[in-house]
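This is my_file.txt (compact mmCIF, C-alpha atoms).
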# COMPACT_ATOMS: atom_id res chain seq x y z
CA MET A 1 2.81 90.12 -54.96
CA LYS A 2 0.66 93.22 -55.35
CA LYS A 3 0.00 93.34 -51.60
CA LYS A 4 3.72 93.06 -50.86
CA THR A 5 4.40 95.97 -53.21
CA ILE A 6 1.79 98.16 -51.46
CA VAL A 7 3.20 97.28 -48.04
CA THR A 8 6.71 98.07 -49.25
CA VAL A 9 5.61 101.45 -50.61
CA ILE A 10 3.82 102.31 -47.35
CA LEU A 11 6.82 101.31 -45.25
CA THR A 12 9.09 103.36 -47.51
CA LEU A 13 6.85 106.39 -47.12
CA VAL A 14 6.81 105.97 -43.35
CA VAL A 15 10.60 105.79 -43.24
CA VAL A 16 10.98 108.83 -45.50
CA LEU A 17 8.44 110.88 -43.52
CA SER A 18 10.01 109.88 -40.21
CA ALA A 19 13.44 110.86 -41.49
CA THR A 20 12.06 114.17 -42.74
CA VAL A 21 10.38 114.95 -39.41
CA LEU A 22 13.50 114.02 -37.50
CA GLY A 23 15.58 116.15 -39.81
CA VAL A 24 13.34 119.15 -39.37
CA ALA A 25 13.25 118.58 -35.61
CA ASN A 26 17.05 118.53 -35.49
CA VAL A 27 17.38 121.67 -37.61
CA PHE A 28 14.68 123.71 -35.83
CA ARG A 29 16.03 124.10 -32.31
CA VAL A 30 14.87 126.72 -29.80
CA ASP A 31 17.54 129.32 -29.18
CA GLY A 32 15.34 132.11 -27.86
CA VAL A 33 12.25 132.68 -25.72
CA VAL A 34 10.39 135.97 -25.77
CA LEU A 35 8.26 136.54 -22.67
CA ASN A 36 5.52 139.15 -22.83
CA ALA A 37 4.44 139.66 -19.22
CA PRO A 38 2.31 142.73 -18.45
CA VAL A 39 2.55 143.44 -14.72
CA VAL A 40 0.47 145.50 -12.29
CA SER A 41 2.93 145.63 -9.39
CA GLU A 42 6.56 146.60 -8.89
CA ALA A 43 7.24 143.27 -7.18
CA ALA A 44 6.17 141.39 -10.30
CA LYS A 45 8.93 142.96 -12.42
CA GLY A 46 11.63 140.93 -10.68
CA GLU A 47 9.46 137.82 -10.84
CA ALA A 48 8.98 138.32 -14.57
CA GLU A 49 12.75 138.56 -15.08
CA ALA A 50 13.29 135.33 -13.14
CA LEU A 51 10.49 133.67 -15.09
CA GLN A 52 12.11 134.70 -18.38
CA LYS A 53 15.41 133.06 -17.38
CA GLU A 54 13.72 129.84 -16.26
CA LEU A 55 11.77 129.58 -19.49
CA GLU A 56 14.92 130.12 -21.54
CA GLU A 57 16.71 127.38 -19.60
CA CYS A 58 13.70 125.08 -19.86
CA TYR A 59 13.41 125.28 -23.65
CA ALA A 60 17.08 125.72 -24.59
CA GLY A 61 17.95 123.30 -27.39
CA ALA A 62 14.48 121.80 -27.55
CA SER A 63 12.90 121.12 -30.93
CA THR A 64 10.78 124.06 -32.01
CA LEU A 65 8.50 121.60 -33.78
CA PHE A 66 7.67 119.68 -30.61
CA ALA A 67 7.99 122.42 -27.98
CA GLY A 68 4.66 122.72 -26.15
CA GLU A 69 3.12 124.81 -23.43
CA GLU A 70 3.21 121.97 -20.88
CA ALA A 71 6.79 122.80 -19.88
CA ALA A 72 5.89 126.49 -19.51
CA LEU A 73 2.96 125.58 -17.27
CA GLU A 74 5.29 123.57 -15.02
CA VAL A 75 7.64 126.55 -14.70
CA LEU A 76 4.71 128.87 -13.97
CA GLU A 77 3.72 126.73 -10.98
CA LYS A 78 6.59 128.47 -9.15
CA TYR A 79 5.09 131.86 -9.99
CA PRO A 80 1.49 131.86 -8.71
CA TYR A 81 0.90 135.49 -9.68
CA PHE A 82 1.35 134.67 -13.35
CA ARG A 83 -0.87 132.60 -15.63
CA LEU A 84 -0.18 131.50 -19.18
CA THR A 85 -2.32 133.41 -21.68
CA ALA A 86 -0.59 132.64 -25.00
CA PHE A 87 2.02 130.28 -26.44
CA GLU A 88 3.35 130.58 -29.99
CA ARG A 89 6.11 128.92 -32.02
CA LYS A 90 7.94 131.21 -34.43
CA PHE A 91 9.97 129.06 -36.78
CA PRO A 92 12.76 128.31 -37.08
CA ASN A 93 13.95 128.84 -33.49
CA LEU A 94 11.83 131.19 -31.39
CA LEU A 95 9.06 130.77 -28.80
CA VAL A 96 6.79 133.66 -27.83
CA ILE A 97 5.07 133.22 -24.47
CA GLU A 98 2.58 135.54 -22.82
CA ALA A 99 1.98 135.41 -19.07
CA THR A 100 -0.28 137.85 -17.26
CA GLU A 101 -0.02 138.88 -13.63
CA ASP A 102 -3.23 138.31 -11.71
CA ALA A 103 -4.25 141.24 -9.54
CA GLU A 104 -4.77 140.82 -5.81
CA VAL A 105 -8.36 141.36 -4.68
CA TYR A 106 -9.06 139.45 -1.46
CA ALA A 107 -7.22 138.70 1.78
CA VAL A 108 -8.69 135.78 3.73
CA GLU A 109 -7.86 135.48 7.42
CA SER A 110 -6.30 132.08 8.09
CA GLY A 111 -4.73 131.66 11.52
CA ASN A 112 -2.02 134.27 11.98
CA GLU A 113 -1.74 135.11 8.29
CA TYR A 114 -3.75 136.10 5.25
CA LEU A 115 -4.20 134.11 2.09
CA ILE A 116 -4.04 136.63 -0.75
CA LEU A 117 -6.45 135.78 -3.56
CA SER A 118 -7.12 136.80 -7.13
CA ALA A 119 -10.70 137.48 -8.23
CA SER A 120 -11.02 133.85 -9.31
CA GLY A 121 -9.99 132.56 -5.87
CA THR A 122 -6.44 131.48 -6.75
CA VAL A 123 -4.02 131.74 -3.82
CA LEU A 124 -1.38 134.25 -4.93
CA GLY A 125 0.49 134.69 -1.67
CA LYS A 126 0.54 134.29 2.10
CA ARG A 127 1.33 137.34 4.19
CA ALA A 128 1.03 138.80 7.67
CA THR A 129 -1.05 141.74 6.44
CA PRO A 130 -3.88 142.21 3.89
CA THR A 131 -1.99 144.99 2.09
CA ASN A 132 -2.15 144.91 -1.70
CA ARG A 133 1.36 144.68 -3.12
CA ALA A 134 0.55 146.85 -6.13
CA ASP A 135 -0.99 149.95 -4.54
CA GLY A 136 -0.36 149.64 -0.80
CA ALA A 137 -4.06 149.77 0.10
CA GLU A 138 -5.83 146.88 1.79
CA ASN A 139 -7.40 144.07 -0.17
CA VAL A 140 -11.00 143.12 0.67
CA VAL A 141 -10.67 141.21 3.94
CA ILE A 142 -12.74 138.02 4.39
CA ARG A 143 -13.18 136.81 7.98
CA GLY A 144 -14.87 133.90 9.69
CA VAL A 145 -14.11 131.09 7.24
CA ASN A 146 -12.02 127.93 7.57
CA VAL A 147 -10.02 127.75 4.37
CA SER A 148 -6.96 126.10 2.91
CA GLY A 149 -4.94 126.36 -0.26
CA GLU A 150 -1.40 126.23 -1.57
CA LEU A 151 0.17 128.87 -3.78
CA GLY A 152 -1.22 128.72 -7.28
CA GLU A 153 -4.22 126.61 -6.25
CA LYS A 154 -7.88 127.51 -5.92
CA ILE A 155 -8.83 128.19 -2.32
CA GLY A 156 -10.94 125.56 -0.61
CA GLY A 157 -12.92 125.35 2.59
CA THR A 158 -16.12 124.25 4.28
CA ASP A 159 -17.76 127.61 4.93
CA GLY A 160 -19.07 128.45 1.49
CA ILE A 161 -16.05 130.44 0.30
CA GLU A 162 -17.18 129.72 -3.28
CA ALA A 163 -20.54 131.43 -2.64
CA ILE A 164 -18.78 134.39 -1.05
CA LEU A 165 -16.54 134.88 -4.07
CA ALA A 166 -19.46 134.36 -6.45
CA LEU A 167 -21.37 137.14 -4.68
CA THR A 168 -18.46 139.56 -4.37
CA ASN A 169 -17.35 139.01 -7.96
CA GLU A 170 -20.87 139.87 -9.15
CA LEU A 171 -20.61 143.05 -7.09
CA ASP A 172 -17.16 143.68 -8.56
CA ALA A 173 -18.65 143.63 -12.07
CA ALA A 174 -21.53 145.89 -11.05
CA PHE A 175 -19.29 148.42 -9.28
CA GLY A 176 -16.51 148.31 -11.86
CA GLY A 177 -14.04 147.24 -9.18
CA ILE A 178 -14.95 146.03 -5.72
CA ARG A 179 -11.92 147.24 -3.76
CA SER A 180 -13.00 150.85 -4.10
CA ASN A 181 -16.39 150.07 -2.53
CA LEU A 182 -16.01 147.12 -0.16
CA LEU A 183 -13.79 146.91 2.92
CA SER A 184 -14.57 143.52 4.38
CA VAL A 185 -16.78 140.43 4.41
CA GLU A 186 -17.53 138.49 7.59
CA VAL A 187 -19.28 135.14 7.79
CA GLU A 188 -21.72 134.52 10.64
CA ARG A 189 -23.67 131.37 11.40
CA HIS A 190 -27.15 131.22 12.88
CA GLY A 191 -27.82 127.51 13.23
CA THR A 192 -27.64 126.09 9.73
CA VAL A 193 -28.11 129.51 8.09
CA HIS A 194 -25.09 131.47 6.88
CA GLN A 195 -25.12 135.25 6.85
CA LEU A 196 -22.57 137.58 5.30
CA THR A 197 -21.87 141.03 6.69
CA LEU A 198 -20.34 143.32 4.08
CA GLN A 199 -18.88 146.59 5.28
CA MET A 200 -18.96 149.17 2.53
CA ARG A 201 -16.24 151.81 2.44
CA GLU A 202 -18.59 154.79 2.76
CA GLY A 203 -20.48 153.46 5.78
CA VAL A 204 -23.42 151.29 4.73
CA THR A 205 -23.49 147.73 6.08
CA VAL A 206 -24.89 145.00 3.83
CA TYR A 207 -26.37 141.83 5.34
CA VAL A 208 -26.79 138.85 3.01
CA ILE A 209 -28.92 136.01 4.37
CA LYS A 210 -28.23 132.59 2.79
CA PRO A 211 -25.66 133.84 0.23
CA SER A 212 -25.66 130.47 -1.57
CA ASP A 213 -29.30 130.96 -2.61
CA PHE A 214 -30.11 133.33 -5.50
CA THR A 215 -26.49 134.51 -5.36
CA ARG A 216 -26.40 136.40 -8.65
CA SER A 217 -29.82 137.95 -8.20
CA LYS A 218 -28.98 139.12 -4.68
CA ALA A 219 -25.71 140.65 -5.88
CA GLU A 220 -27.41 142.47 -8.76
CA LYS A 221 -30.14 143.86 -6.51
CA ILE A 222 -27.65 144.89 -3.81
CA ALA A 223 -25.65 146.81 -6.42
CA ASN A 224 -28.78 148.46 -7.83
CA VAL A 225 -29.99 149.54 -4.39
CA TYR A 226 -26.56 150.78 -3.31
CA LEU A 227 -25.93 152.74 -6.49
CA SER A 228 -29.36 154.37 -6.18
CA LEU A 229 -28.54 155.82 -2.74
CA SER A 230 -27.59 159.45 -2.33
CA ASP A 231 -24.12 160.35 -1.06
CA ARG A 232 -25.61 161.08 2.36
CA GLU A 233 -27.51 157.79 2.52
CA ARG A 234 -24.33 155.85 1.77
CA LEU A 235 -22.77 157.15 4.99
CA THR A 236 -25.03 155.11 7.25
CA GLY A 237 -27.79 152.53 7.41
CA SER A 238 -28.02 149.01 6.08
CA ILE A 239 -29.02 146.93 3.08
CA VAL A 240 -30.59 143.55 3.77
CA ALA A 241 -30.60 140.86 1.09
CA THR A 242 -32.72 137.77 1.64
CA ASP A 243 -35.25 135.72 -0.36
CA ASP A 244 -38.71 134.23 -0.08
CA GLY A 245 -37.79 130.92 -1.68
CA SER A 246 -38.63 132.08 -5.18
CA GLU A 247 -36.76 135.36 -5.63
CA ALA A 248 -34.24 137.66 -3.99
CA ILE A 249 -35.53 140.52 -1.84
CA VAL A 250 -33.25 143.48 -1.14
CA SER A 251 -34.07 146.67 0.77
CA TYR A 252 -32.34 149.67 2.34
CA SER A 253 -32.95 151.16 5.77
CA SER A 254 -31.46 154.33 7.22
CA LYS A 255 -31.00 152.32 10.44
CA ASP A 256 -28.58 149.49 10.99
CA PHE A 257 -30.17 146.04 10.76
CA GLU A 258 -28.54 144.95 14.04
Could you render the structure from this file as structure tokens?
Amino acid sequence: MKKKTIVTVILTLVVVLSATVLGVANVFRVDGVVLNAPVVSEAAKGEAEALQKELEECYAGASTLFAGEEAALEVLEKYPYFRLTAFERKFPNLLVIEATEDAEVYAVESGNEYLILSASGTVLGKRATPTNRADGAENVVIRGVNVSGELGEKIGGTDGIEAILALTNELDAAFGGIRSNLLSVEVERHGTVHQLTLQMREGVTVYVIKPSDFTRSKAEKIANVYLSLSDRERLTGSIVATDDGSEAIVSYSSKDFE
């Protein structure tokens, strides 16, 4: 008898709690979505407006209690330049969503077009030119790689694109922005050995032998050597980055390596 009483009490509590949750869910319905979307380009303003409308339509009438970021992430798949950075419920009926525009950094040659990438390697766009949509200058052009990737996805390929981005992103951190220093990256193959040729904006050419080995160390030493050069030295010459199997070796010459 005692067990039956306990079971009855538990079942009653479950019913009451379920009814309460359902009641709250029915009362708290989303009737507004606030989108905070800082942008770095004029083109993104229109995209942000369209994104706002789609999010409002997506969540209209949904329970505030159960509304999650999964639906927002699905909507954002149509807007590769934006990534979700915050999602907040404001009871009783408001959602506050933050989406940040990723800046263009790289333009990878792929057939007759360029895949436009963020610093993390996400494909933001596909265009006929490497021009940055925010400032009109060229993104850092990467040549000589076989790559693939759909909008909003990480770029993939068989030519060590990950190592290239790892190296250039280390340089980006050291220079405080790579686009002001680096014009292009070209991949060359000498048998099984990959070499990167980096053309700096002021004139120096950087050759990186086996970029997948000691990547961070090579990038740090390249940046240190480059930043130590005088204004005149940066107009010509070359920096060669290689390794001896145990550490990175980087040196500058007033003559071009080739």
Query - Nearby residues (all atoms listed in the file) at most 9 Å from stretch 121-138 of chain A, same-chain spacing under 2 positions excluded, as a PyMOL selection string - result: chain A and resi 40-44+79-82+102-109+112-119+140-141+149-156+161-162+165+179+183
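Counting all atoms listed in the file, the residue from A:Arg143, A:Gly157, A:Ile97, A:Lys90 that sits nearest to A:Ala71 is A:Ile97.
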Query raised in the report: Hey, what's within 10 Å of stretch 48-55 of chain A if we count all atoms listed in the file and toss same-chain stuff fewer than 4 positions away? As a PyMOL selection string, please?
Result: chain A and resi 32-39+43-44+59-60+71-76+78-79+81-82+95+97+99-101
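For the atom pair formed by atom CA of A:Ala166 and atom CA of A:Lys218, the distance is 10.8 Å, given to one decimal.
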Query raised in the report: Pick from A:Glu220, A:Glu188, A:Glu47, A:Glu69: nearest to A:Phe175, with all atoms listed in the file counted?
Result: A:Glu220
Report task. Considering all atoms listed in the file, return as an MDAnalysis selection string whatever protein or nucleic-acid residues lie within 6 Å of stretch 170-173 of chain A, sequence-local ones (same chain, fewer than 4 positions apart) excluded. Result -> chainID A and resid 177:178 219
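Among the candidate residues A:Arg216, A:Arg234, A:Arg189, A:Arg201, the one lying nearest to A:Thr168 is A:Arg216, with distances computed using only C-alpha atoms.
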